[in-house]
Amino acid sequence: MNRPALALLVMEWTAHAPLSWHRSRTGRANTPFYNDAESVVGFVDGHGALIRIYYDGLNAAYTRDPAPGYDYTYSGE
């Protein structure tokens, strides 16, 4: 792992989709999935943050690393 400060270790359930419990763009329904939903995450290096989660409109967010410009990776690369 080359970048532990960017590698996600744990995340809120909503980050998997992504959705957001914090600033939902779709109100109480909090659906459908949307790009840049904010979730609380913990990183391999031990820090935590509220970050935007990338969604490509097709695949669940946790299935791939985000596009350039996001503050995290799943792979640590």
# chains A, B, ... in the order shown; residues from 1 in each chain; ligands from 1

$ residues_around --residues "range 36-39 of chain A" --least-positions-apart "6" --cutoff "9 Å" --atoms "only C-alpha atoms" --output "number ranges by chain"
A: 11-15, 18-25, 49-55

$ write_last_selection --atoms "C-alpha atoms" --output "PDB file, in the first residue's frame"
ATOM      1  CA  MET A  11     -16.943   3.819   6.150  1.00  0.00           C
ATOM      2  CA  GLU A  12     -20.563   4.477   6.910  1.00  0.00           C
ATOM      3  CA  TRP A  13     -23.041   2.096   5.297  1.00  0.00           C
ATOM      4  CA  THR A  14     -24.352   4.904   3.093  1.00  0.00           C
ATOM      5  CA  ALA A  15     -20.915   5.397   1.501  1.00  0.00           C
ATOM      6  CA  PRO A  18     -23.361   6.311  -2.142  1.00  0.00           C
ATOM      7  CA  LEU A  19     -26.006   8.216  -0.241  1.00  0.00           C
ATOM      8  CA  SER A  20     -25.584  10.678   2.639  1.00  0.00           C
ATOM      9  CA  TRP A  21     -27.107  10.875   6.096  1.00  0.00           C
ATOM     10  CA  HIS A  22     -25.412  14.247   6.594  1.00  0.00           C
ATOM     11  CA  ARG A  23     -26.457  16.455   3.670  1.00  0.00           C
ATOM     12  CA  SER A  24     -28.799  14.391   1.542  1.00  0.00           C
ATOM     13  CA  ARG A  25     -29.578  15.869  -1.865  1.00  0.00           C
ATOM     14  CA  ALA A  49     -13.017  12.654   7.779  1.00  0.00           C
ATOM     15  CA  LEU A  50     -16.306  13.631   6.177  1.00  0.00           C
ATOM     16  CA  ILE A  51     -15.603  13.213   2.444  1.00  0.00           C
ATOM     17  CA  ARG A  52     -17.352  13.216  -0.930  1.00  0.00           C
ATOM     18  CA  ILE A  53     -17.852   9.728  -2.383  1.00  0.00           C
ATOM     19  CA  TYR A  54     -17.550   9.187  -6.136  1.00  0.00           C
ATOM     20  CA  TYR A  55     -20.414   7.538  -8.017  1.00  0.00           C
TER      21      TYR A  55
END

$ select_by_dssp --residues "chain A" --states "strand (DSSP E or B)" --output "ChimeraX atom specification"
/A:7-11,37-43,48-53,73

$ atom_distance --atom1 "CA of Ala17 in chain A" --atom2 "CA of Val41 in chain A"
13.7 Å

$ select_by_dssp --residues "chain A" --states "helix (DSSP H, G or I)" --output "mmCIF file with N, CA and C atoms, in the first residue's frame"
data_model
loop_
_atom_site.group_PDB
_atom_site.id
_atom_site.type_symbol
_atom_site.label_atom_id
_atom_site.label_comp_id
_atom_site.auth_asym_id
_atom_site.auth_seq_id
_atom_site.Cartn_x
_atom_site.Cartn_y
_atom_site.Cartn_z
ATOM 1 N N TRP A 13 -22.308 2.947 6.225
ATOM 2 C CA TRP A 13 -23.041 2.096 5.297
ATOM 3 C C TRP A 13 -23.450 2.870 4.051
ATOM 4 N N THR A 14 -23.871 4.114 4.224
ATOM 5 C CA THR A 14 -24.352 4.904 3.093
ATOM 6 C C THR A 14 -23.272 5.186 2.053
ATOM 7 N N ALA A 15 -22.010 5.140 2.442
ATOM 8 C CA ALA A 15 -20.915 5.397 1.501
ATOM 9 C C ALA A 15 -20.807 4.310 0.442
ATOM 10 N N HIS A 16 -21.298 3.127 0.729
ATOM 11 C CA HIS A 16 -21.204 2.029 -0.238
ATOM 12 C C HIS A 16 -21.995 2.308 -1.511
ATOM 13 N N GLY A 27 -33.392 14.585 0.240
ATOM 14 C CA GLY A 27 -34.249 14.693 1.411
ATOM 15 C C GLY A 27 -34.388 13.397 2.190
ATOM 16 N N ARG A 28 -35.524 13.241 2.831
ATOM 17 C CA ARG A 28 -35.742 12.078 3.691
ATOM 18 C C ARG A 28 -35.761 10.766 2.922
ATOM 19 N N ALA A 29 -36.129 10.794 1.657
ATOM 20 C CA ALA A 29 -36.131 9.569 0.851
ATOM 21 C C ALA A 29 -34.714 9.038 0.665
ATOM 22 N N ALA A 61 -20.418 2.553 -5.412
ATOM 23 C CA ALA A 61 -19.189 3.301 -5.158
ATOM 24 C C ALA A 61 -18.038 2.434 -4.674
ATOM 25 N N TYR A 62 -18.310 1.444 -3.839
ATOM 26 C CA TYR A 62 -17.236 0.649 -3.241
ATOM 27 C C TYR A 62 -16.583 -0.329 -4.207
ATOM 28 N N THR A 63 -17.085 -0.447 -5.422
ATOM 29 C CA THR A 63 -16.551 -1.440 -6.362
ATOM 30 C C THR A 63 -15.342 -0.965 -7.146
#

$ residues_around --residues "Val44 in chain A" --least-positions-apart "5" --cutoff "7 Å" --atoms "only C-alpha atoms" --output "list in words"
Pro4, Ala5, Ala7, Leu8 and Leu9 of chain A

$ write_last_selection --atoms "N, CA and C atoms" --output "PDB file, in the first residue's frame"
ATOM      1  N   PRO A   4      -1.372   5.134   2.605  1.00  0.00           N
ATOM      2  CA  PRO A   4      -2.312   4.799   3.684  1.00  0.00           C
ATOM      3  C   PRO A   4      -3.175   5.980   4.120  1.00  0.00           C
ATOM      4  N   ALA A   5      -2.732   7.209   3.894  1.00  0.00           N
ATOM      5  CA  ALA A   5      -3.525   8.383   4.257  1.00  0.00           C
ATOM      6  C   ALA A   5      -4.728   8.568   3.339  1.00  0.00           C
ATOM      7  N   ALA A   7      -6.182   5.584   1.803  1.00  0.00           N
ATOM      8  CA  ALA A   7      -6.846   4.278   1.722  1.00  0.00           C
ATOM      9  C   ALA A   7      -7.934   4.157   2.785  1.00  0.00           C
ATOM     10  N   LEU A   8      -9.164   3.876   2.353  1.00  0.00           N
ATOM     11  CA  LEU A   8     -10.269   3.713   3.296  1.00  0.00           C
ATOM     12  C   LEU A   8     -10.135   2.406   4.055  1.00  0.00           C
ATOM     13  N   LEU A   9     -10.382   2.471   5.348  1.00  0.00           N
ATOM     14  CA  LEU A   9     -10.395   1.286   6.195  1.00  0.00           C
ATOM     15  C   LEU A   9     -11.823   0.947   6.598  1.00  0.00           C
TER      16      LEU A   9
END

$ atom_distance --atom1 "CA of Arg3 in chain A" --atom2 "CA of Gly48 in chain A"
14.8 Å

$ atom_distance --atom1 "CA of Val10 in chain A" --atom2 "CA of Val40 in chain A"
8.8 Å

$ closest_residue --among "A:Leu6, A:Met1, A:Gly46, A:Thr31" --to "Asp71 in chain A" --atoms "only C-alpha atoms"
A:Leu6
